[in-house]
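Pasted below: target_13.cif, mmCIF, C-alpha atoms and all ligand atoms.
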data_coords
loop_
_atom_site.label_atom_id
_atom_site.label_comp_id
_atom_site.auth_asym_id
_atom_site.auth_seq_id
_atom_site.Cartn_x
_atom_site.Cartn_y
_atom_site.Cartn_z
CA MET A 87 69.02 115.31 157.23
CA SER A 88 66.94 116.21 160.27
CA GLN A 89 65.43 119.68 160.49
CA ARG A 90 67.93 122.17 161.87
CA VAL A 91 67.11 124.12 165.02
CA ALA A 92 67.48 127.90 164.94
CA LEU A 93 67.42 130.27 167.91
CA VAL A 94 66.63 133.89 167.05
CA THR A 95 67.00 136.36 169.91
CA GLY A 96 64.72 139.39 169.87
CA GLY A 97 62.36 137.73 167.41
CA SER A 98 59.26 139.42 168.73
CA ARG A 99 59.71 142.68 166.84
CA GLY A 100 61.52 144.39 163.99
CA ILE A 101 64.31 142.64 162.12
CA GLY A 102 64.17 139.55 164.37
CA ARG A 103 60.51 139.07 163.56
CA SER A 104 61.30 138.94 159.84
CA ILE A 105 64.19 136.54 160.46
CA VAL A 106 61.86 134.21 162.39
CA ARG A 107 59.37 134.20 159.52
CA GLU A 108 62.04 133.74 156.87
CA LEU A 109 63.65 130.76 158.67
CA ALA A 110 60.29 129.16 159.50
CA VAL A 111 59.25 129.39 155.84
CA SER A 112 62.62 127.92 154.84
CA GLY A 113 61.87 124.81 156.94
CA TYR A 114 63.93 125.30 160.10
CA LYS A 115 62.62 124.54 163.60
CA VAL A 116 62.59 128.08 164.94
CA VAL A 117 62.66 129.22 168.55
CA PHE A 118 62.70 132.93 169.24
CA THR A 119 62.91 135.12 172.31
CA TYR A 120 61.39 138.33 173.57
CA ASN A 121 62.30 140.49 176.54
CA PHE A 122 59.19 142.44 177.65
CA ARG A 123 56.76 142.24 174.77
CA GLY A 124 55.20 138.83 175.35
CA ASP A 125 52.14 140.13 173.48
CA MET A 126 54.19 140.68 170.32
CA ALA A 127 55.77 137.23 170.67
CA GLU A 128 52.36 135.58 170.96
CA ASP A 129 51.10 137.64 168.01
CA LEU A 130 53.96 136.36 165.84
CA LEU A 131 53.36 132.77 166.90
CA GLN A 132 49.65 133.06 166.04
CA THR A 133 50.32 134.83 162.74
CA LEU A 134 52.74 132.13 161.64
CA ALA A 135 50.41 129.38 162.86
CA ARG A 136 47.66 130.78 160.62
CA ASP A 137 50.09 130.48 157.71
CA GLY A 138 50.87 126.88 158.67
CA PHE A 139 54.24 127.37 160.42
CA ARG A 140 54.97 126.23 163.97
CA VAL A 141 57.45 128.20 166.04
CA SER A 142 57.96 128.60 169.78
CA TYR A 143 59.18 131.39 172.00
CA PHE A 144 60.63 132.10 175.45
CA GLN A 145 61.32 135.13 177.58
CA LEU A 146 65.01 136.04 177.71
CA GLU A 147 67.06 138.62 179.57
CA GLN A 148 70.28 138.25 177.65
CA SER A 149 72.40 140.21 180.08
CA ASP A 150 71.82 137.43 182.61
CA ARG A 151 73.84 134.17 182.40
CA ASP A 152 71.14 132.10 184.13
CA SER A 153 68.48 133.28 181.69
CA VAL A 154 70.75 132.52 178.71
CA ARG A 155 71.69 129.07 180.04
CA SER A 156 68.11 128.20 180.82
CA ILE A 157 66.92 129.04 177.26
CA VAL A 158 69.65 126.94 175.67
CA ARG A 159 68.85 123.96 177.93
CA THR A 160 65.11 124.26 177.40
CA VAL A 161 65.50 124.36 173.62
CA MET A 162 67.82 121.34 173.83
CA ASN A 163 65.21 119.37 175.79
CA ASP A 164 62.24 120.45 173.66
CA LEU A 165 63.65 120.46 170.13
CA GLY A 166 67.25 119.31 170.23
CA ALA A 167 70.60 121.06 170.06
CA ILE A 168 70.74 124.54 168.57
CA ASP A 169 72.41 124.43 165.14
CA ILE A 170 71.90 128.07 164.24
CA LEU A 171 72.23 131.05 166.58
CA ILE A 172 71.06 134.46 165.44
CA ASN A 173 72.20 137.08 167.94
CA ASN A 174 69.75 139.77 166.92
CA ALA A 175 68.40 141.26 170.18
CA ALA A 176 69.89 144.57 171.22
CA ILE A 177 69.09 147.92 172.74
CA SER A 178 69.89 151.42 171.54
CA GLN A 179 69.81 154.81 173.20
CA GLU A 180 69.93 158.29 171.65
CA LYS A 181 72.10 160.40 173.96
CA PRO A 182 74.90 162.94 173.44
CA PHE A 183 78.30 161.58 174.45
CA GLU A 184 78.79 164.05 177.31
CA VAL A 185 75.73 162.81 179.19
CA ILE A 186 76.11 159.05 178.80
CA THR A 187 76.31 157.71 182.36
CA ASP A 188 78.33 154.79 183.63
CA SER A 189 75.16 152.81 184.03
CA ASP A 190 74.01 153.63 180.43
CA TRP A 191 77.39 152.39 179.22
CA GLU A 192 77.32 149.23 181.33
CA ARG A 193 73.77 148.34 180.32
CA MET A 194 74.55 148.85 176.62
CA LEU A 195 77.65 146.65 176.74
CA LYS A 196 75.93 144.01 178.88
CA VAL A 197 72.96 143.57 176.57
CA ASN A 198 74.60 144.14 173.18
CA LEU A 199 77.96 142.46 173.74
CA GLN A 200 77.99 140.27 176.83
CA GLY A 201 74.61 138.79 175.86
CA PRO A 202 75.83 137.51 172.47
CA PHE A 203 79.10 136.37 174.11
CA MET A 204 77.19 134.25 176.65
CA LEU A 205 74.80 132.86 174.05
CA ILE A 206 77.70 131.83 171.83
CA GLN A 207 79.48 130.20 174.77
CA GLU A 208 76.38 128.22 175.74
CA VAL A 209 75.57 126.90 172.25
CA LEU A 210 79.12 126.13 171.11
CA PRO A 211 79.51 122.76 172.89
CA PHE A 212 76.49 121.42 170.97
CA MET A 213 77.76 122.75 167.64
CA LEU A 214 81.20 121.30 168.31
CA ARG A 215 79.67 117.90 168.97
CA LYS A 216 77.89 118.01 165.60
CA LYS A 217 80.83 119.65 163.84
CA TRP A 218 78.33 122.03 162.26
CA GLY A 219 77.02 125.39 163.31
CA ARG A 220 76.05 128.83 162.11
CA ILE A 221 76.48 131.93 164.25
CA ILE A 222 75.17 135.23 162.92
CA ASN A 223 75.56 138.42 164.90
CA ILE A 224 73.45 141.37 163.83
CA VAL A 225 75.74 144.37 164.17
CA SER A 226 75.32 147.87 162.78
CA ILE A 227 76.91 150.41 160.50
CA GLY A 228 77.46 152.38 163.72
CA GLY A 229 79.98 149.74 164.75
CA GLN A 230 81.90 150.41 161.53
CA TRP A 231 81.84 154.20 161.26
CA GLY A 232 81.15 155.25 164.86
CA GLY A 233 78.19 157.15 166.24
CA PHE A 234 77.30 160.75 166.97
CA ASN A 235 74.44 160.35 169.36
CA GLN A 236 74.89 156.68 170.24
CA VAL A 237 78.58 156.30 171.02
CA HIS A 238 78.02 153.46 173.50
CA TYR A 239 75.78 151.62 171.02
CA ALA A 240 78.39 152.02 168.27
CA ALA A 241 81.14 150.78 170.59
CA SER A 242 79.10 147.70 171.54
CA LYS A 243 78.56 146.83 167.87
CA ALA A 244 82.22 147.39 166.94
CA ALA A 245 83.17 144.95 169.69
CA LEU A 246 80.56 142.47 168.45
CA ILE A 247 82.17 142.59 164.99
CA SER A 248 85.48 141.72 166.62
CA LEU A 249 83.87 138.90 168.59
CA THR A 250 82.40 137.57 165.32
CA HIS A 251 85.84 137.52 163.74
CA SER A 252 87.48 135.83 166.75
CA ILE A 253 84.87 133.08 166.84
CA ALA A 254 85.45 132.47 163.13
CA LYS A 255 89.20 132.25 163.67
CA ILE A 256 88.89 129.73 166.49
CA TYR A 257 85.95 127.56 165.42
CA SER A 258 85.64 127.57 161.61
CA LYS A 259 87.90 124.52 161.41
CA TYR A 260 85.23 122.61 163.36
CA GLY A 261 82.52 123.38 160.79
CA ILE A 262 81.11 126.37 162.65
CA THR A 263 80.89 129.59 160.65
CA SER A 264 80.59 132.97 162.32
CA ASN A 265 79.48 136.05 160.44
CA ALA A 266 78.08 139.48 161.14
CA VAL A 267 75.28 141.13 159.23
CA SER A 268 75.49 144.89 159.35
CA PRO A 269 72.38 146.90 158.52
CA GLY A 270 72.39 150.64 157.96
CA LEU A 271 68.96 152.02 158.76
CA VAL A 272 65.96 149.71 158.94
CA LEU A 273 62.33 150.59 159.53
CA THR A 274 61.72 149.31 163.10
CA ASP A 275 60.90 150.64 166.58
CA MET A 276 64.64 150.97 167.25
CA SER A 277 65.31 153.41 164.41
CA SER A 278 62.20 155.52 164.95
CA ALA A 279 63.82 157.93 167.46
CA GLU A 280 66.89 158.46 165.29
CA LEU A 281 64.79 159.05 162.18
CA LEU A 282 63.10 161.98 163.90
CA THR A 283 66.41 163.78 164.51
CA GLU A 284 68.06 166.14 162.02
CA GLN A 285 71.07 163.82 161.98
CA GLY A 286 68.79 160.89 161.14
CA LYS A 287 67.07 162.76 158.33
CA GLN A 288 70.44 163.73 156.86
CA LYS A 289 71.57 160.12 157.09
CA VAL A 290 68.58 158.91 155.08
CA LYS A 291 69.23 161.57 152.42
CA SER A 292 72.80 160.34 152.07
CA ILE A 293 71.86 156.69 151.40
CA PRO A 294 72.85 155.87 147.81
CA LEU A 295 69.76 153.68 147.35
CA GLY A 296 67.64 156.62 148.51
CA ARG A 297 65.65 154.84 151.23
CA ILE A 298 65.97 152.86 154.43
CA ALA A 299 65.76 149.05 154.45
CA THR A 300 62.82 146.82 155.24
CA PRO A 301 63.39 144.13 157.91
CA GLU A 302 62.78 141.51 155.21
CA GLU A 303 65.81 142.72 153.27
CA ILE A 304 68.01 141.92 156.27
CA ALA A 305 66.27 138.60 156.93
CA LYS A 306 66.91 137.35 153.38
CA VAL A 307 70.66 137.78 153.84
CA VAL A 308 70.59 136.01 157.21
CA SER A 309 68.65 133.15 155.64
CA PHE A 310 71.33 132.77 152.95
CA LEU A 311 74.18 132.86 155.47
CA VAL A 312 72.73 130.04 157.58
CA SER A 313 72.14 127.83 154.54
CA ASP A 314 74.51 125.21 153.13
CA ASP A 315 74.99 127.52 150.14
CA ALA A 316 77.03 129.81 152.42
CA SER A 317 79.35 127.02 153.58
CA TYR A 318 82.55 128.88 152.62
CA ILE A 319 81.66 132.24 154.16
CA THR A 320 83.05 132.86 157.63
CA GLY A 321 84.55 135.74 159.58
CA GLN A 322 82.80 138.29 157.38
CA THR A 323 80.77 141.39 158.01
CA ILE A 324 78.10 141.49 155.34
CA ASN A 325 76.89 145.05 154.77
CA VAL A 326 73.19 145.44 154.02
CA ASN A 327 73.01 149.21 154.07
CA GLY A 328 71.89 150.49 150.67
CA GLY A 329 75.41 151.76 150.04
CA MET A 330 75.38 153.93 153.16
CA LEU A 331 78.96 153.13 154.18
CA LEU A 332 80.11 154.73 150.92
CA SER A 333 78.80 158.09 152.09
CA HIS A 334 81.13 157.97 155.13
CA GLY A 335 78.66 159.29 157.65
CA VAL A 336 77.07 162.69 158.06
N1 LIG B 401 66.62 149.22 163.14
C1 LIG B 401 67.76 149.65 162.61
O1 LIG B 401 67.80 150.67 161.89
C2 LIG B 401 69.03 148.89 162.85
C3 LIG B 401 70.18 149.31 162.20
C4 LIG B 401 71.38 148.63 162.40
C5 LIG B 401 71.39 147.53 163.21
N2 LIG B 401 70.26 147.12 163.85
C6 LIG B 401 70.37 145.95 164.73
O2 LIG B 401 69.40 144.98 164.33
C7 LIG B 401 68.98 144.22 165.46
C8 LIG B 401 67.47 144.26 165.58
O3 LIG B 401 67.07 145.63 165.69
P1 LIG B 401 65.54 146.08 165.61
O4 LIG B 401 65.55 147.42 165.02
O5 LIG B 401 64.73 145.01 165.03
O6 LIG B 401 65.22 146.23 167.18
P2 LIG B 401 63.83 146.36 167.97
O7 LIG B 401 62.70 146.50 167.02
O8 LIG B 401 64.05 147.39 169.01
O9 LIG B 401 63.71 144.91 168.68
C9 LIG B 401 64.66 144.55 169.64
C10 LIG B 401 64.42 143.13 170.09
O10 LIG B 401 65.38 142.80 171.11
C11 LIG B 401 64.71 142.34 172.30
N3 LIG B 401 65.48 142.75 173.48
C12 LIG B 401 65.73 144.03 173.90
N4 LIG B 401 66.44 144.02 175.03
C13 LIG B 401 66.66 142.72 175.35
C14 LIG B 401 67.33 142.07 176.43
N5 LIG B 401 67.89 142.76 177.42
N6 LIG B 401 67.35 140.72 176.45
C15 LIG B 401 66.77 140.01 175.47
N7 LIG B 401 66.11 140.57 174.42
C16 LIG B 401 66.05 141.91 174.36
C17 LIG B 401 63.34 143.00 172.22
O11 LIG B 401 62.39 142.29 173.02
P3 LIG B 401 60.93 142.97 173.39
O12 LIG B 401 60.17 143.06 172.11
O13 LIG B 401 60.31 142.06 174.35
O14 LIG B 401 61.25 144.32 173.95
C18 LIG B 401 63.05 142.92 170.73
O15 LIG B 401 62.58 141.64 170.38
C19 LIG B 401 69.71 144.83 166.66
O16 LIG B 401 70.87 144.09 166.92
C20 LIG B 401 70.06 146.23 166.18
O17 LIG B 401 71.17 146.76 166.87
C21 LIG B 401 69.09 147.78 163.69
#

Could you take the file, read its structure, and then write that structure out as structure tokens?
Ligand SMILES: NC(=O)c1ccc[n+]([C@@H]2O[C@H](COP(=O)([O-])OP(=O)(O)OC[C@H]3O[C@@H](n4cnc5c(N)ncnc54)[C@H](OP(=O)(O)O)[C@@H]3O)[C@@H](O)[C@H]2O)c1
Amino acid sequence: MSQRVALVTGGSRGIGRSIVRELAVSGYKVVFTYNFRGDMAEDLLQTLARDGFRVSYFQLEQSDRDSVRSIVRTVMNDLGAIDILINNAAISQEKPFEVITDSDWERMLKVNLQGPFMLIQEVLPFMLRKKWGRIINIVSIGGQWGGFNQVHYAASKAALISLTHSIAKIYSKYGITSNAVSPGLVLTDMSSAELLTEQGKQKVKSIPLGRIATPEEIAKVVSFLVSDDASYITGQTINVNGGMLLSHGV
């Protein structure tokens, strides 16, 4: 079997960075994207190269159809059709509900929901041709229990869970599985603002495992889900939250 091609969005930092490493080490041809932090993308490429793993990266603005289409075509020409899509890139914003503006809302939904929608649409024809594909959407516990200070973020993730389920319903019969991985709190740039708030501190205290996750702990689950060992798992939301959902929010 030829090496499978994996596209990881938002691979330059945080959870995506760990997913890139995990998949590269597991033997996939990995392409990842960044948005602004080209320096971090280059740093990851060099770090992995020193360890003997070759990956490549591109700039992506995932709220833009042309940017999405261009990445998918470039990967196709350089490495072959994308077999595995990891929709990891997203934005967050700490803001009380009353002051979320229309443009905050639109931006959140464009990046976190429309981006994954467009990426899925662009890669599906290639997966259908091969009758094999893996789509993983990184969602969030916020999409399952709602948000206090990130209502628009939570709404975008809830919708992404629904999109994950719909794709599974339509395309699983063609050998394409679609699953969501739902972290609770993970140590990355994205969570740093929330962790400074009283709400954030309370949330950490309520985690049954007593700590937040490392990005690697999320990446390991993603790596399993894209493997042939996960061939009968589709349409699921896999919780990787240290038991947080049991505490029903604070
Ligand atoms: N951290 C947590 O506690 C937590 C909890 C639950 C779920 N999650 C989810 O896990 C995923 C990864 O989160 P993270 O904490 O690793 O985030 P992060 O550290 O903030 O990294 C976000 C990544 O997305 C990229 N990105 C941002 N806006 C983009 C855009 N418009 N177009 C394309 N790429 C864009 C960034 O690129 P640049 O580096 O170039 O800016 C970066 O690579 C997200 O889906 C997030 O919602 C995180």

Please extract the residues at most 6 Å from ligand LIG 401 (chain B), counting all atoms listed in the file, and provide them as a PyMOL selection string, using the chain letters and residue numbers of this document. chain A and resi 96-102+120-123+146-149+174-177+197+224-226+269-277

Calculate how many Å separate CA of Gly233 in chain A from CA of Phe310 in chain A, rounding to one decimal.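 Computing it gives 28.6 Å between the two atoms.
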
How close does each residue of range 183-291 of chain A get to range 311-329 of chain A, giving the shortest atom pair and distance in Å to one decimal for every residue with an atom at most 10 Å away, counting all atoms listed in the file, sorted by chain and residue number, as CSV?
residue,atom,partner,partner_atom,distance
A:Gly219,CA,A:Val312,CA,8.5
A:Arg220,CA,A:Val312,CA,5.7
A:Ile221,CA,A:Val312,CA,7.9
A:Ile222,CA,A:Val312,CA,7.8
A:Asn223,CA,A:Thr323,CA,9.1
A:Ile224,CA,A:Thr323,CA,9.4
A:Val225,CA,A:Thr323,CA,8.5
A:Ser226,CA,A:Asn325,CA,8.6
A:Ile227,CA,A:Asn327,CA,7.6
A:Gln230,CA,A:Thr323,CA,9.7
A:Ile247,CA,A:Thr323,CA,7.2
A:Ser248,CA,A:Gly321,CA,9.3
A:Leu249,CA,A:Gly321,CA,9.6
A:Thr250,CA,A:Gly321,CA,6.4
A:His251,CA,A:Gly321,CA,4.7
A:Ser252,CA,A:Gly321,CA,7.7
A:Ile253,CA,A:Gly321,CA,7.7
A:Ala254,CA,A:Gly321,CA,4.9
A:Lys255,CA,A:Gly321,CA,7.1
A:Tyr257,CA,A:Thr320,CA,9.9
A:Ser258,CA,A:Thr320,CA,7.1
A:Gly261,CA,A:Ser317,CA,8.7
A:Ile262,CA,A:Thr320,CA,8.4
A:Thr263,CA,A:Thr320,CA,4.9
A:Ser264,CA,A:Thr320,CA,5.3
A:Asn265,CA,A:Gln322,CA,5.0
A:Ala266,CA,A:Thr323,CA,4.5
A:Val267,CA,A:Ile324,CA,4.8
A:Ser268,CA,A:Asn325,CA,4.8
A:Pro269,CA,A:Val326,CA,4.8
A:Gly270,CA,A:Asn327,CA,4.2
A:Leu271,CA,A:Asn327,CA,6.8
A:Val272,CA,A:Asn327,CA,8.6

Which of these, A:Ser88, A:Ser142, A:Gln236, A:Thr160, has the shortest distance to Ala110 in chain A once you count all atoms listed in the file?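 With all atoms listed in the file as the atom set, the closest residue is A:Ser142.
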
Show which residues sit within 12 Å of Val161 in chain A, as a PyMOL selection string. Count all atoms listed in the file, and ignore same-chain residues fewer than 3 positions away. chain A and resi 91-94+115-119+141-144+154-158+164-171+208-209+212

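Here CA of Gly229 in chain A stands at a distance of 23.2 Å from CA of Asp150 in chain A.
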
Identify, on the basis of all atoms listed in the file, every residue whose closest approach to Ala305 in chain A does not exceed 7 Å; exclude the query and any residue fewer than 6 positions from it along the same chain; express the result as JSON, numbers by chain. {"A": [101, 104, 105, 108]}

Calculate how many Å separate CA of Gln285 in chain A from CA of Asn173 in chain A, rounding to one decimal.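 If I compute the distance from CA of Gln285 in chain A to CA of Asn173 in chain A, I get 27.4 Å.
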
Between A:Lys216, A:His238, A:Lys243, A:Lys181, which has the minimum distance to Leu199 in chain A (counting only C-alpha atoms)? A:Lys243

Go through A:Asn198, A:Ser178, A:Ala244, A:Asp188 and flag the residue nearest Ser278 in chain A, using all atoms listed in the file for the distances.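 When distances to Ser278 in chain A are compared using all atoms listed in the file, the smallest one comes from A:Ser178.
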